[in-house]
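So this block is upload_7.cif, mmCIF, C-alpha atoms:
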```cif
data_run
loop_
_atom_site.label_atom_id
_atom_site.label_comp_id
_atom_site.auth_asym_id
_atom_site.auth_seq_id
_atom_site.Cartn_x
_atom_site.Cartn_y
_atom_site.Cartn_z
CA MET A 1156 -153.54 203.31 -67.92
CA HIS A 1157 -152.21 200.40 -70.00
CA VAL A 1158 -154.85 198.29 -71.72
CA GLY A 1159 -153.92 195.02 -73.35
CA SER A 1160 -155.56 191.90 -74.74
CA PHE A 1161 -155.69 188.50 -73.05
CA ILE A 1162 -155.34 185.81 -75.73
CA VAL A 1163 -156.48 182.30 -74.76
CA ALA A 1164 -156.50 180.72 -78.26
CA ALA A 1165 -159.90 179.33 -77.31
CA GLN A 1166 -161.30 176.43 -79.32
CA PHE A 1167 -165.02 177.05 -79.67
CA PRO A 1168 -167.41 174.21 -80.57
CA GLY A 1169 -167.10 173.19 -84.20
CA GLN A 1170 -163.58 174.58 -84.56
CA GLY A 1171 -160.35 172.69 -85.09
CA HIS A 1172 -156.97 173.65 -83.69
CA VAL A 1173 -155.75 175.87 -86.51
CA GLU A 1174 -158.57 178.43 -86.30
CA PRO A 1175 -157.95 179.51 -82.68
CA LEU A 1176 -154.21 179.71 -83.25
CA HIS A 1177 -154.68 181.84 -86.37
CA ARG A 1178 -157.08 184.04 -84.40
CA ALA A 1179 -154.45 184.39 -81.66
CA VAL A 1180 -151.78 185.60 -84.08
CA ARG A 1181 -154.13 187.98 -85.85
CA SER A 1182 -155.38 189.31 -82.52
CA ALA A 1183 -151.87 190.41 -81.60
CA GLU A 1184 -151.30 192.06 -84.97
CA VAL A 1185 -154.60 193.94 -84.74
CA ALA A 1186 -153.95 194.86 -81.11
CA GLU A 1187 -150.76 196.62 -82.16
CA GLU A 1188 -152.55 198.37 -85.02
CA ALA A 1189 -155.29 199.48 -82.63
CA GLY A 1190 -152.83 201.04 -80.17
CA LEU A 1191 -153.12 198.54 -77.32
CA ALA A 1192 -150.17 198.32 -74.94
CA GLN A 1193 -149.69 194.57 -74.58
CA VAL A 1194 -151.00 191.11 -75.26
CA TRP A 1195 -150.97 188.34 -72.65
CA LEU A 1196 -150.91 184.70 -73.76
CA ALA A 1197 -152.50 181.80 -71.92
CA GLU A 1198 -151.03 178.29 -71.76
CA HIS A 1199 -153.01 175.05 -71.48
CA HIS A 1200 -152.33 171.37 -72.13
CA PHE A 1201 -154.62 168.70 -73.54
CA VAL A 1202 -157.86 170.74 -73.39
CA PRO A 1203 -159.86 172.78 -75.92
CA TYR A 1204 -160.25 175.63 -73.41
CA GLY A 1205 -157.05 176.94 -75.00
CA VAL A 1206 -154.93 175.23 -77.63
CA CYS A 1207 -151.64 177.03 -76.96
CA PRO A 1208 -149.40 174.60 -74.99
CA SER A 1209 -146.39 176.94 -74.84
CA ALA A 1210 -146.98 180.61 -74.14
CA VAL A 1211 -143.28 181.45 -74.57
CA THR A 1212 -143.23 179.86 -78.04
CA LEU A 1213 -146.29 181.82 -79.14
CA ALA A 1214 -144.75 184.94 -77.56
CA ALA A 1215 -141.68 184.48 -79.75
CA THR A 1216 -143.90 184.31 -82.83
CA LEU A 1217 -145.81 187.44 -81.88
CA LEU A 1218 -142.72 189.43 -80.92
CA GLY A 1219 -141.44 188.71 -84.41
CA ARG A 1220 -144.74 189.80 -85.99
CA THR A 1221 -144.92 193.12 -84.10
CA ARG A 1222 -142.66 196.11 -83.51
CA ARG A 1223 -144.10 198.08 -80.57
CA LEU A 1224 -146.40 195.73 -78.72
CA ARG A 1225 -145.33 194.22 -75.40
CA VAL A 1226 -145.97 190.47 -75.18
CA GLY A 1227 -146.38 188.53 -71.95
CA THR A 1228 -147.27 185.03 -70.81
CA ALA A 1229 -150.40 184.63 -68.68
CA VAL A 1230 -149.11 182.32 -67.65
CA SER A 1231 -146.22 179.94 -68.14
CA VAL A 1232 -147.02 177.06 -65.78
CA LEU A 1233 -143.97 176.76 -63.56
CA PRO A 1234 -144.55 173.35 -61.88
CA THR A 1235 -144.35 171.57 -65.25
CA ALA A 1236 -141.27 173.49 -66.45
CA HIS A 1237 -137.64 173.53 -65.37
CA PRO A 1238 -137.05 177.06 -64.02
CA VAL A 1239 -133.66 177.33 -65.72
CA ALA A 1240 -135.06 176.31 -69.11
CA LEU A 1241 -137.86 178.84 -68.73
CA GLY A 1242 -135.38 181.47 -67.57
CA GLU A 1243 -133.21 180.89 -70.63
CA GLN A 1244 -136.22 181.27 -72.92
CA ALA A 1245 -137.31 184.45 -71.13
CA ALA A 1246 -133.82 185.94 -71.40
CA LEU A 1247 -133.68 185.13 -75.10
CA LEU A 1248 -137.03 186.80 -75.78
CA HIS A 1249 -136.16 189.76 -73.56
CA LEU A 1250 -132.89 190.46 -75.37
CA THR A 1251 -133.99 189.78 -78.94
CA SER A 1252 -137.15 191.89 -78.60
CA GLY A 1253 -135.46 194.90 -77.05
CA GLY A 1254 -137.14 194.35 -73.69
CA ARG A 1255 -140.72 193.86 -74.94
CA PHE A 1256 -141.28 190.56 -73.14
CA SER A 1257 -143.00 189.98 -69.79
CA LEU A 1258 -142.85 186.59 -68.08
CA GLY A 1259 -146.02 185.72 -66.21
CA VAL A 1260 -145.82 182.54 -64.15
CA GLY A 1261 -148.37 180.57 -62.18
CA ARG A 1262 -148.93 177.36 -60.26
CA GLY A 1263 -151.46 175.91 -62.68
CA GLY A 1264 -153.78 173.20 -61.41
CA PRO A 1265 -153.72 169.59 -60.21
CA TRP A 1266 -154.09 168.36 -63.76
CA VAL A 1267 -152.80 165.33 -65.62
CA ASP A 1268 -150.10 167.65 -67.02
CA LEU A 1269 -148.13 166.89 -63.84
CA GLU A 1270 -148.11 163.21 -64.77
CA VAL A 1271 -147.30 163.69 -68.44
CA PHE A 1272 -144.32 165.97 -67.79
CA GLY A 1273 -143.08 163.96 -64.83
CA ALA A 1274 -143.36 166.77 -62.30
CA GLY A 1275 -145.66 164.98 -59.87
CA LEU A 1276 -148.31 166.39 -57.57
CA ALA A 1277 -145.72 167.71 -55.10
CA ALA A 1278 -144.48 170.20 -57.70
CA TYR A 1279 -147.96 171.73 -57.71
CA GLU A 1280 -148.71 171.49 -54.00
CA GLN A 1281 -145.34 172.44 -52.47
CA GLY A 1282 -142.80 173.23 -55.17
CA PHE A 1283 -143.90 176.56 -56.61
CA PRO A 1284 -141.98 178.89 -54.21
CA ASP A 1285 -138.65 177.10 -54.73
CA SER A 1286 -139.14 177.01 -58.50
CA LEU A 1287 -139.97 180.72 -58.55
CA ASP A 1288 -136.90 181.60 -56.49
CA LEU A 1289 -134.62 179.60 -58.79
CA LEU A 1290 -136.16 181.31 -61.82
CA LEU A 1291 -135.60 184.75 -60.27
CA ARG A 1292 -131.98 183.96 -59.46
CA TRP A 1293 -131.44 182.85 -63.04
CA LEU A 1294 -132.82 186.13 -64.37
CA ARG A 1295 -130.81 188.32 -61.97
CA GLU A 1296 -127.44 186.69 -61.26
CA PRO A 1297 -124.36 185.99 -63.45
CA SER A 1298 -124.13 182.34 -62.37
CA VAL A 1299 -126.46 179.99 -60.54
CA SER A 1300 -126.36 176.62 -58.79
CA GLY A 1301 -129.16 174.39 -57.63
CA ASP A 1302 -129.44 174.12 -53.87
CA GLY A 1303 -131.08 170.73 -53.55
CA GLY A 1304 -134.75 169.84 -53.75
CA ARG A 1305 -136.10 169.16 -57.23
CA PHE A 1306 -133.23 170.89 -59.04
CA PRO A 1307 -129.78 170.04 -57.66
CA PHE A 1308 -126.97 171.10 -60.02
CA ARG A 1309 -123.46 172.56 -59.91
CA GLU A 1310 -122.89 176.27 -60.52
CA VAL A 1311 -123.19 177.25 -64.17
CA PRO A 1312 -122.97 180.62 -65.95
CA VAL A 1313 -126.14 182.34 -67.10
CA VAL A 1314 -126.00 182.56 -70.89
CA PRO A 1315 -127.37 184.77 -72.27
CA ARG A 1316 -127.52 187.15 -69.32
CA PRO A 1317 -130.84 189.04 -69.41
CA SER A 1318 -129.26 192.24 -68.07
CA GLU A 1319 -126.83 192.63 -70.96
CA ALA A 1320 -127.30 194.75 -74.07
CA LEU A 1321 -130.31 196.68 -72.77
CA GLU A 1322 -130.22 200.19 -71.38
CA GLY A 1323 -130.35 200.11 -67.59
CA GLY A 1324 -129.42 196.43 -67.40
CA ALA A 1325 -132.94 195.39 -66.45
CA ALA A 1326 -134.02 191.76 -66.32
CA PRO A 1327 -137.37 190.74 -67.85
CA GLU A 1328 -140.45 191.65 -65.88
CA VAL A 1329 -141.86 188.72 -63.86
CA VAL A 1330 -145.55 188.69 -62.91
CA VAL A 1331 -147.19 186.09 -60.65
CA ALA A 1332 -150.74 184.83 -61.14
CA CYS A 1333 -152.39 185.03 -57.71
CA THR A 1334 -155.56 183.17 -56.79
CA SER A 1335 -155.06 182.54 -53.06
CA PRO A 1336 -153.72 184.26 -49.93
CA ALA A 1337 -150.60 182.09 -50.17
CA SER A 1338 -149.79 183.24 -53.70
CA VAL A 1339 -150.47 186.88 -52.79
CA ARG A 1340 -148.04 186.55 -49.89
CA LEU A 1341 -145.44 184.90 -52.12
CA ALA A 1342 -145.65 187.66 -54.73
CA GLY A 1343 -145.64 190.42 -52.10
CA GLU A 1344 -142.61 189.09 -50.24
CA ARG A 1345 -140.66 188.95 -53.49
CA GLY A 1346 -141.93 192.32 -54.72
CA LEU A 1347 -143.42 190.84 -57.89
CA PRO A 1348 -146.60 192.31 -59.42
CA MET A 1349 -149.72 190.16 -59.45
CA LEU A 1350 -151.91 188.99 -62.31
CA LEU A 1351 -155.47 188.75 -60.95
CA GLY A 1352 -158.05 186.59 -62.70
CA MET A 1353 -161.18 187.57 -64.56
CA HIS A 1354 -163.40 185.60 -62.15
CA VAL A 1355 -162.54 188.10 -59.37
CA GLY A 1356 -164.44 191.38 -58.86
CA ASP A 1357 -163.11 194.79 -57.89
CA GLU A 1358 -163.60 194.41 -54.14
CA GLU A 1359 -161.67 191.17 -53.96
CA LYS A 1360 -158.93 192.53 -56.22
CA ALA A 1361 -158.62 195.62 -54.02
CA ALA A 1362 -158.31 193.40 -50.95
CA MET A 1363 -155.59 191.35 -52.65
CA VAL A 1364 -153.66 194.51 -53.52
CA ARG A 1365 -153.86 195.67 -49.89
CA ALA A 1366 -152.66 192.27 -48.67
CA TRP A 1367 -149.83 192.29 -51.22
CA ARG A 1368 -148.65 195.67 -49.93
CA GLU A 1369 -148.69 194.44 -46.34
CA HIS A 1370 -146.56 191.42 -47.23
CA ALA A 1371 -144.18 193.50 -49.35
CA ARG A 1372 -143.63 196.02 -46.56
CA ALA A 1373 -143.17 193.28 -43.99
CA ALA A 1374 -140.48 191.77 -46.22
CA GLY A 1375 -138.66 195.12 -46.34
CA ARG A 1376 -139.50 196.06 -49.91
CA PRO A 1377 -138.84 199.75 -50.73
CA GLU A 1378 -141.92 201.91 -50.33
CA ASP A 1379 -141.68 203.42 -53.81
CA GLY A 1380 -141.73 199.93 -55.31
CA VAL A 1381 -144.66 198.91 -53.13
CA ARG A 1382 -146.76 201.85 -54.28
CA SER A 1383 -145.77 201.65 -57.95
CA ALA A 1384 -146.16 197.89 -58.42
CA ALA A 1385 -147.76 197.32 -61.83
CA HIS A 1386 -150.36 194.67 -61.05
CA VAL A 1387 -152.50 193.35 -63.92
CA SER A 1388 -156.28 192.86 -63.87
CA ALA A 1389 -157.61 190.22 -66.26
CA GLY A 1390 -161.10 190.74 -67.60
CA LEU A 1391 -163.53 190.34 -70.46
CA CYS A 1392 -164.37 192.99 -73.05
CA GLN A 1393 -167.07 193.08 -75.69
CA ILE A 1394 -168.12 196.31 -77.38
CA ALA A 1395 -171.35 197.09 -79.24
CA ASP A 1396 -173.54 200.09 -79.89
CA ARG A 1397 -176.17 198.67 -77.52
CA PRO A 1398 -175.33 196.91 -74.22
CA GLU A 1399 -177.75 194.09 -74.92
CA ASP A 1400 -176.01 193.33 -78.22
CA ALA A 1401 -172.62 192.98 -76.53
CA ARG A 1402 -174.04 190.61 -73.93
CA GLU A 1403 -175.89 188.60 -76.57
CA VAL A 1404 -172.68 187.94 -78.51
CA LEU A 1405 -171.00 186.52 -75.41
CA LEU A 1406 -174.00 184.60 -74.11
CA LYS A 1407 -174.39 182.85 -77.47
CA ALA A 1408 -170.76 181.82 -77.83
CA MET A 1409 -169.01 181.56 -74.48
CA PRO A 1410 -171.10 178.95 -72.62
CA GLY A 1411 -170.43 176.31 -75.27
CA TRP A 1412 -166.69 177.02 -75.17
CA LEU A 1413 -166.61 177.01 -71.37
CA LYS A 1414 -168.62 173.80 -71.13
CA GLN A 1415 -166.39 171.75 -73.42
CA GLY A 1416 -163.18 173.44 -72.34
CA LEU A 1417 -163.52 173.26 -68.58
CA ALA A 1418 -165.00 169.76 -68.63
CA ALA A 1419 -161.92 168.46 -70.45
CA HIS A 1420 -159.59 169.04 -67.50
CA VAL A 1421 -158.51 165.73 -65.92
CA THR A 1422 -157.09 165.73 -62.39
CA VAL A 1423 -153.84 163.87 -61.80
CA ASP A 1424 -155.10 162.11 -58.67
CA GLY A 1425 -158.82 161.70 -59.35
CA ARG A 1426 -159.88 164.39 -56.89
CA ALA A 1427 -163.42 165.72 -57.20
CA ARG A 1428 -163.95 168.90 -59.19
CA ALA A 1429 -166.59 171.60 -58.82
CA MET A 1430 -167.81 172.74 -62.24
CA ARG A 1431 -169.22 176.22 -62.83
CA ASP A 1432 -172.47 176.56 -64.73
CA PRO A 1433 -171.21 177.96 -68.08
CA HIS A 1434 -174.18 180.26 -68.71
CA ALA A 1435 -174.21 181.64 -65.17
CA TYR A 1436 -170.44 182.15 -65.30
CA THR A 1437 -170.74 184.09 -68.56
CA GLU A 1438 -173.48 186.23 -67.03
CA MET A 1439 -171.25 186.93 -64.03
CA LEU A 1440 -168.32 187.94 -66.24
CA CYS A 1441 -170.56 190.29 -68.25
CA GLY A 1442 -171.51 191.99 -64.99
CA LEU A 1443 -167.95 192.36 -63.73
CA HIS A 1444 -166.17 193.63 -66.82
CA PRO A 1445 -166.32 196.14 -69.68
CA VAL A 1446 -169.17 194.71 -71.75
CA GLY A 1447 -171.43 197.21 -73.52
CA THR A 1448 -171.05 200.53 -75.31
CA PRO A 1449 -167.66 202.22 -75.65
CA ARG A 1450 -168.62 204.72 -72.94
CA THR A 1451 -169.76 201.94 -70.62
CA CYS A 1452 -166.54 200.03 -71.19
CA ALA A 1453 -164.37 203.07 -70.53
CA ASP A 1454 -166.31 203.89 -67.36
CA ARG A 1455 -165.98 200.30 -66.12
CA LEU A 1456 -162.21 200.27 -66.66
CA ALA A 1457 -161.84 203.64 -64.95
CA ALA A 1458 -163.94 202.47 -62.02
CA THR A 1459 -161.86 199.31 -61.60
CA ALA A 1460 -158.67 201.35 -61.66
CA GLU A 1461 -160.08 203.72 -59.04
CA ARG A 1462 -161.30 200.95 -56.73
CA THR A 1463 -158.27 198.67 -56.98
CA GLY A 1464 -155.35 200.92 -57.83
CA ILE A 1465 -154.59 198.61 -60.77
CA ARG A 1466 -153.84 200.39 -64.02
CA ARG A 1467 -152.90 197.51 -66.31
CA PHE A 1468 -155.58 195.39 -67.93
CA ALA A 1469 -155.55 192.12 -69.88
CA LEU A 1470 -158.93 191.88 -71.58
CA LEU A 1471 -160.23 188.78 -73.31
CA THR A 1472 -161.62 190.05 -76.62
CA GLU A 1473 -162.18 186.73 -78.42
CA GLY A 1474 -165.39 185.85 -76.57
CA SER A 1475 -167.39 185.74 -79.80
CA GLY A 1476 -165.23 182.89 -81.09
CA ASP A 1477 -165.17 184.57 -84.50
CA LEU A 1478 -162.05 186.11 -86.06
CA ALA A 1479 -163.75 189.02 -87.82
CA ALA A 1480 -165.76 189.89 -84.71
CA THR A 1481 -162.62 189.69 -82.56
CA GLU A 1482 -160.74 192.03 -84.89
CA GLU A 1483 -163.62 194.51 -84.83
CA ASN A 1484 -163.77 194.28 -81.04
CA LEU A 1485 -160.06 195.06 -80.75
CA ARG A 1486 -160.28 197.99 -83.15
CA ARG A 1487 -163.21 199.46 -81.23
CA LEU A 1488 -161.32 198.98 -77.97
CA GLY A 1489 -158.39 200.92 -79.37
CA GLY A 1490 -160.33 203.51 -81.33
CA GLU A 1491 -163.38 204.19 -79.15
CA VAL A 1492 -162.50 203.15 -75.58
CA LEU A 1493 -158.84 204.05 -75.10
CA PRO A 1494 -159.32 207.73 -76.08
CA ARG A 1495 -161.90 208.05 -73.27
CA LEU A 1496 -159.33 206.87 -70.72
CA VAL A 1497 -156.74 209.56 -71.43
#
```

Rendering of file as structure tokens:
Amino acid sequence: MHVGSFIVAAQFPGQGHVEPLHRAVRSAEVAEEAGLAQVWLAEHHFVPYGVCPSAVTLAATLLGRTRRLRVGTAVSVLPTAHPVALGEQAALLHLTSGGRFSLGVGRGGPWVDLEVFGAGLAAYEQGFPDSLDLLLRWLREPSVSGDGGRFPFREVPVVPRPSEALEGGAAPEVVVACTSPASVRLAGERGLPMLLGMHVGDEEKAAMVRAWREHARAAGRPEDGVRSAAHVSAGLCQIADRPEDAREVLLKAMPGWLKQGLAAHVTVDGRARAMRDPHAYTEMLCGLHPVGTPRTCADRLAATAERTGIRRFALLTEGSGDLAATEENLRRLGGEVLPRLV
């Protein structure tokens, strides 16, 4: 089982922009010290939900600050990026870190980001599959050309080539955030592991894994790859000596962050939005994920792995909004939970 931390760089009420970014960097350093396998970095634009606008840039910082830890994006938003530019960045991080970088990509949302970066709503609604395929070709082939659509260009060499200089010639891992049947199908057909969100429970995640396998097999993917696909389950983790204390920490801090963060999203076309109740959402997350004593947290992770077949976890540990509390949470996760999962 591979347990990692999910870093949002969340701006809690009363905080500026520097505090969450400092907490993000320190979280990665402490995660490595605590023995965690990986950190996953969120990307958001123009909202206090998360103040990291470039997950690959923060990944570069953290890869330079650590020596063993794997660092991944969760996710780089593909509709607002040029796939070749993102592919070049991924190759650079892959090669300079000795293969410690994972590229997670997703479709994002219908936000004003599409207007600011000039992508347009079509890039979100129809363009994700073509962008993903161009990105994959860039990471796997020696030269690439655009074949029309949003990105027409003549054939150019891939420099640097991700497969060079590393044993086995492997390209960087690519993971796809999946929130719908269409994205599950897309990931399955291309044989790419899924990143499944923290708002989804074990039963739904298990169903998505089963659907992914069906699509992968139908697309002719090798059976060993279908069975060994390293999907990632995102979740929430808060550890305390008493379960009620862990829940209290989150219920005091997270609703305020969720309220201001989620409300700040602006749709590109003025479409109506359904807002979650922040307190109820926090309660739901506490019920779904490892929140409680170290034994409770270990049992919850083991149960999720058993029910879903997923053995990689990206756990949000900054739910207190406080740096010292986040560091303690990470150290307890590494020192008191991980040993129970061996």

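Distance check against Pro1175 in chain A using only C-alpha atoms: of A:Gly1352, A:Gly1476, A:Gln1193, A:Val1423, the minimum falls on A:Gly1476.
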
Quick one: of A:Pro1168, A:Pro1315, A:Gly1390, A:Ala1337, who's nearest to Ala1408 in chain A, counting all atoms listed in the file? A:Pro1168

Taking 4 positions as the minimum chain separation for residues in the same chain, which residues sit within 8 Å of range 1284-1298 of chain A when counting only C-alpha atoms? Answer as a ChimeraX atom specification. /A:1233-1234,1237-1239,1241-1242,1246,1310-1313,1316-1318,1326-1327,1341

Create the file for the chosen residues now, containing C-alpha atoms and written as a compact mmCIF listing (two decimals), keeping the file's coordinate frame.
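The new file selection_0.txt reads:
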```txt
# COMPACT_ATOMS: atom_id res chain seq x y z
CA LEU A 1233 -143.97 176.76 -63.56
CA PRO A 1234 -144.55 173.35 -61.88
CA HIS A 1237 -137.64 173.53 -65.37
CA PRO A 1238 -137.05 177.06 -64.02
CA VAL A 1239 -133.66 177.33 -65.72
CA LEU A 1241 -137.86 178.84 -68.73
CA GLY A 1242 -135.38 181.47 -67.57
CA ALA A 1246 -133.82 185.94 -71.40
CA GLU A 1310 -122.89 176.27 -60.52
CA VAL A 1311 -123.19 177.25 -64.17
CA PRO A 1312 -122.97 180.62 -65.95
CA VAL A 1313 -126.14 182.34 -67.10
CA ARG A 1316 -127.52 187.15 -69.32
CA PRO A 1317 -130.84 189.04 -69.41
CA SER A 1318 -129.26 192.24 -68.07
CA ALA A 1326 -134.02 191.76 -66.32
CA PRO A 1327 -137.37 190.74 -67.85
CA LEU A 1341 -145.44 184.90 -52.12
```

For the structure provided, state which residues fall under the PyMOL selection byres ((chain A and resi 1393) around 9), and present them as a PDB file with C-alpha atoms, in the coordinates of the input.
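What ended up in result.pdb:
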```
ATOM      1  CA  LEU A1391    -163.530 190.340 -70.460  1.00  0.00           C
ATOM      2  CA  CYS A1392    -164.370 192.990 -73.050  1.00  0.00           C
ATOM      3  CA  ILE A1394    -168.120 196.310 -77.380  1.00  0.00           C
ATOM      4  CA  ALA A1395    -171.350 197.090 -79.240  1.00  0.00           C
ATOM      5  CA  ALA A1401    -172.620 192.980 -76.530  1.00  0.00           C
ATOM      6  CA  ARG A1402    -174.040 190.610 -73.930  1.00  0.00           C
ATOM      7  CA  VAL A1404    -172.680 187.940 -78.510  1.00  0.00           C
ATOM      8  CA  LEU A1405    -171.000 186.520 -75.410  1.00  0.00           C
ATOM      9  CA  CYS A1441    -170.560 190.290 -68.250  1.00  0.00           C
ATOM     10  CA  HIS A1444    -166.170 193.630 -66.820  1.00  0.00           C
ATOM     11  CA  PRO A1445    -166.320 196.140 -69.680  1.00  0.00           C
ATOM     12  CA  VAL A1446    -169.170 194.710 -71.750  1.00  0.00           C
ATOM     13  CA  GLY A1447    -171.430 197.210 -73.520  1.00  0.00           C
ATOM     14  CA  THR A1448    -171.050 200.530 -75.310  1.00  0.00           C
ATOM     15  CA  CYS A1452    -166.540 200.030 -71.190  1.00  0.00           C
ATOM     16  CA  LEU A1471    -160.230 188.780 -73.310  1.00  0.00           C
ATOM     17  CA  THR A1472    -161.620 190.050 -76.620  1.00  0.00           C
ATOM     18  CA  GLU A1473    -162.180 186.730 -78.420  1.00  0.00           C
ATOM     19  CA  GLY A1474    -165.390 185.850 -76.570  1.00  0.00           C
ATOM     20  CA  SER A1475    -167.390 185.740 -79.800  1.00  0.00           C
ATOM     21  CA  THR A1481    -162.620 189.690 -82.560  1.00  0.00           C
ATOM     22  CA  ASN A1484    -163.770 194.280 -81.040  1.00  0.00           C
ATOM     23  CA  LEU A1485    -160.060 195.060 -80.750  1.00  0.00           C
ATOM     24  CA  LEU A1488    -161.320 198.980 -77.970  1.00  0.00           C
TER      25      LEU A1488
END
```

Taking all atoms listed in the file into account, produce a table as CSV in which each residue of range 1324-1391 of chain A with an atom at most 7 Å from an atom of range 1255-1275 of chain A appears once, together with its shortest atom pair and the distance in Å to one decimal, ordered by chain and rising number.
```
residue,atom,partner,partner_atom,distance
A:Pro1327,CA,A:Ser1257,CA,6.0
A:Glu1328,CA,A:Ser1257,CA,5.0
A:Val1329,CA,A:Leu1258,CA,4.8
A:Val1330,CA,A:Gly1259,CA,4.5
A:Val1331,CA,A:Val1260,CA,5.2
A:Ala1332,CA,A:Gly1261,CA,5.0
```

Create the file for the chosen residues now, containing C-alpha atoms and written as a PDB file, keeping the file's coordinate frame.
```pdb
ATOM      1  CA  PRO A1327    -137.370 190.740 -67.850  1.00  0.00           C
ATOM      2  CA  GLU A1328    -140.450 191.650 -65.880  1.00  0.00           C
ATOM      3  CA  VAL A1329    -141.860 188.720 -63.860  1.00  0.00           C
ATOM      4  CA  VAL A1330    -145.550 188.690 -62.910  1.00  0.00           C
ATOM      5  CA  VAL A1331    -147.190 186.090 -60.650  1.00  0.00           C
ATOM      6  CA  ALA A1332    -150.740 184.830 -61.140  1.00  0.00           C
TER       7      ALA A1332
END
```

For a cutoff of 12 Å around the file-coordinate point (-157.0, 174.5, -82.3), which residues qualify once you count all atoms listed in the file? I'd like the result as a PyMOL selection string. chain A and resi 1163-1179+1199-1208+1416+1476

Pull out every residue that the PyMOL selection byres ((chain A and resi 1430-1433) around 9) matches in the shown coordinates and put them as a PyMOL selection string. chain A and resi 1409-1414+1417-1418+1428-1429+1434-1438

I'd like the residues picked by the PyMOL selection byres ((chain A and resi 1494) around 12) written out as a ChimeraX atom specification, using the chain letters and numbers from the file. /A:1156-1158,1189-1191,1449-1450,1452-1454,1487-1493,1495-1497

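Using only C-alpha atoms, the residues found no farther than 10 Å from Leu1213 in chain A, other than those of its own chain fewer than 2 positions away, are A:Leu1176, A:Ala1179, A:Val1180, A:Leu1196, A:Ala1197, A:Glu1198, A:Cys1207, A:Pro1208, A:Ser1209, A:Ala1210, A:Val1211, A:Ala1215, A:Thr1216, A:Leu1217, A:Leu1218, A:Gly1219, A:Val1226, A:Gly1227, A:Thr1228.
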